[in-house]
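Beneath this line is the structure, given in structure tokens, with notes to follow.
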Amino acid sequence: MCWRRWGVISVTLSKLSLRNAKRQAGDYLIYFVTIILAAALLYAFNGLVFSEEIRYLSSNLAMLPIMIVLASVVVVCIFGWLVSYATNFMLTRRSRELGLYVLIGLENEQVARLFFLENLAVGGAALVFGILLGNLLFQVFRAIVLAMFHQPYQFVLTFSFKTLGLTAVYFVLIYLYALRRCRKKICTMKIHDLIYFDRKNEGEVISTKKKRRWVFTASIVLGILGIFLLCAGGAIFGIIGAGCIIVFLYGFFLSFASGVPAFFERHPARKFKGQNLLVFRTLTAKLGTMGVVMATISLLLTATLISEGTGLIFRGIFDGRAAQEGCFDLYIASEYGVGEEYLDYVEANIPVQTSLSYPVYQEENHALLDYIRKNTENIYFQEKILVIGLRDYNTLRSIAGLKAAQVMQGQYLIHCMHSLRGVLKGYGQAVTVEGVTLDFGGIYSEAFMQQQWGLGNGQGYCLVVPDEVAASLAVHHWAYAAKTREPVSEEMFAELEAIQNAVEEARWRNISSDGKNGEALFPGSDAIHSRAQEEAEVASMTALTVFPLYFLALALVMTAATILTIWQLSESAHYRQQFMLLGKLGMERREMEKALRLQFAIYYAMPAVPPVLIGVAFIRNLAGASDPGVLTGASSPVAIIGTALGLFFLIYVVYILIAYVSLRRDVLPE
């Protein structure tokens, strides 16, 4: 009889759990959808970890599984906090119902098992739907990666047991951690505590109004100081600034509830203007019970913007450097001349369409050097100006796919990186090269192998002069540029690098054997670049850094927006009663809609405004620390800030609109 009784109870609990799970998924739909998206993201990125196809695209992708797993660990912690917070929130909201189960005869452990099973059912359903969606999302990521490596994409729906297993492990860890805490609470709570658990609010961290006002003022000062320290640059200032910002966020939201009444005490006329009293009274009451949560959400949104901005900056740096160093299909340079070892290998293995071996000259022009030093704040401080002959210059432009430059007799051109264009365009003076005076003939700024170091066509810039003038100058280094019929493969590039190592090793041996041969103590290194190799490195570094950063950013913004939305939608019954009472007192529906919109806008804007201010300052400072001339065009600091804010608000606004439409439908009386 005892076993039969327990069997009946188990069946009843299972049915009740299933029914409650369905109701819970409906009541907290936004949470259920977010968990599905979380499972989809984890499955899709895990798919990249176990994809042999992607791993073999480049040897540089060997670190991709490690980077994604590290990012996944952080993301699992974030989603774990989301699930833990949401389940605890649902326990608070349903505590009376669970208390009634205990009151009618169920034991605490049975109620805990009921709550565990229904949340496990929600998590299991989310995992199933997430895996189905994750398969499609993996195809999107796969297509992006293949496109970056210029590989053809063909839709092939695959299923990986390794990917499924790792995703399931992540979900089990997330849910077991969250539900274990709730189960412990239910098992140890008395009936009275369980029934009235929903009346328990967040503890008051700052006890008196005077302290809250002092903390409010101090937090604002620390926030401003933190932003200035972030913009100052340097690791020490950055760490101190980050600490100030964290203190600012928690201090601000914990003390805001007293800051608003203090403001209205000083400006009593504004208290009764429009819907101010209704909006801010409701808002301060909410912040009084969730200050720590709101500060944590604001911190998550700050991390979101920083992750997005950092990812965009990295991508811009990779693209900018690749554009400069990969402007030719193949480029080899050396101070000692491009040796036969290189040229013989190229002739035997690489199909060349057009090529040019040419000297890059050097010339001292102190007037131009002084002008550049005076008008720039970067490292263009070389003692020599590099010079290229006009005929070689136009041949190089043809090899790089650019139109020939037009210049009149007796003129010179300047070719520079985009960051120097504005400065050098303002020079416009005649220059004297080896006794020949040349007038300014124009300026060009396309990508032209002009990084600030190494053996390129100028370190940031170069002069282009008539061939007979250039021929009288000393040679700085020799270079070889080629346009190939097929991209230089990774294997070919590796063999060229092996030749380079052998050449440089032989050069070292010669210097070591004859210390009086007139050579410098350090013989210098040759330079080898190819367009295909630079593009492959950009694709690899993007996958290794940008993908994990955006994975993290998505998890952060989804978590923050979901918790905000859960809180807002859970108050629908309270809002409904409030607006029904206001309707009976004579408030028009139009005024109610206006008050709801204003309250809604402030509620979602408050945790987002500090992150925007902090994130913009951080992104601007980080972008300014990169090499001059790298972040230009669509990757300029202004464009990066705009793109980061756009991506951030694109996701954030979706949650806001869903919450507003749902709340407006449920709250405002007909």
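Quick note on naming: the chains in the structure tokens go A, B, ... in the order shown, residues restart at 1 in each chain, and ligands are numbered from 1 in order of appearance.
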* Asked: So which residues touch stretch 218-226 of chain A within 6 Å, counting only C-alpha atoms, skipping near sequence neighbours fewer than 6 positions away, as an NGL selection string?
  -> :A and (241 or 244-245 or 248 or 251-252)
Generate the output file for the selected residues, N, CA, C and O atoms, as a PDB file, in the first residue's frame.
```pdb
ATOM      1  N   GLY A 241      40.406  53.318 -13.079  1.00  0.00           N
ATOM      2  CA  GLY A 241      39.178  53.836 -13.686  1.00  0.00           C
ATOM      3  C   GLY A 241      38.066  52.805 -13.690  1.00  0.00           C
ATOM      4  O   GLY A 241      36.899  53.140 -13.412  1.00  0.00           O
ATOM      5  N   CYS A 244      36.629  52.610 -10.215  1.00  0.00           N
ATOM      6  CA  CYS A 244      35.766  53.771  -9.943  1.00  0.00           C
ATOM      7  C   CYS A 244      34.404  53.616 -10.607  1.00  0.00           C
ATOM      8  O   CYS A 244      33.368  53.962 -10.017  1.00  0.00           O
ATOM      9  N   ILE A 245      34.391  53.081 -11.808  1.00  0.00           N
ATOM     10  CA  ILE A 245      33.131  52.932 -12.542  1.00  0.00           C
ATOM     11  C   ILE A 245      32.241  51.880 -11.882  1.00  0.00           C
ATOM     12  O   ILE A 245      31.018  52.059 -11.777  1.00  0.00           O
ATOM     13  N   PHE A 248      30.812  53.439  -8.900  1.00  0.00           N
ATOM     14  CA  PHE A 248      29.806  54.414  -9.337  1.00  0.00           C
ATOM     15  C   PHE A 248      28.474  53.746  -9.653  1.00  0.00           C
ATOM     16  O   PHE A 248      27.415  54.206  -9.214  1.00  0.00           O
ATOM     17  N   GLY A 251      26.873  52.408  -6.390  1.00  0.00           N
ATOM     18  CA  GLY A 251      26.498  53.525  -5.538  1.00  0.00           C
ATOM     19  C   GLY A 251      25.347  54.327  -6.108  1.00  0.00           C
ATOM     20  O   GLY A 251      24.429  54.745  -5.382  1.00  0.00           O
ATOM     21  N   PHE A 252      25.357  54.525  -7.419  1.00  0.00           N
ATOM     22  CA  PHE A 252      24.309  55.317  -8.059  1.00  0.00           C
ATOM     23  C   PHE A 252      22.948  54.649  -7.924  1.00  0.00           C
ATOM     24  O   PHE A 252      21.965  55.279  -7.510  1.00  0.00           O
TER      25      PHE A 252
END
```
* To do: Tell me, as a ChimeraX atom specification, which residues lie within 6 Å of stretch 72-86 of chain A, counting only C-alpha atoms; anything in the same chain fewer than 3 positions away does not count.
  => /A:68-69,89,174,178,559
* To do: Would you kindly return, as a list in words, each protein, DNA or RNA residue with an atom no farther than 8 Å from any atom of stretch 603-616 of chain A, considering only C-alpha atoms and excluding same-chain residues fewer than 2 positions away?
  =>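 Within the cut-off, the hits are Ile227, Leu249, Leu283, Met294, Ala295, Ile297, Ser298, Leu299, Leu301, Thr302, Ala303, Leu305, Ile306, Gly309, Leu564, Gln599, Phe600, Ala601, Phe618, Ile619, Arg620, Ile641, Leu645 and Ile656 of chain A.
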* To do: Determine, counting only C-alpha atoms, which protein, DNA and RNA residues have an atom within 9 Å of an atom of A:Phe648; residues of the same chain fewer than 6 positions away are not included. Present the result as a VMD selection string.
  => chain A and resid 301 304 to 305 308 553 to 554 557
* Give the answer as one residue: which of A:Glu535, A:His574, A:Gly456, A:Ser525 has the shortest atom-to-atom distance to A:Asp319, using only C-alpha atoms? =>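 The answer is A:Glu535, which sits nearest to A:Asp319.
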* Which one of A:Met417, A:Leu300, A:Val464, A:Ile528 sits closest to A:Val387 if you count only C-alpha atoms? -> A:Val464
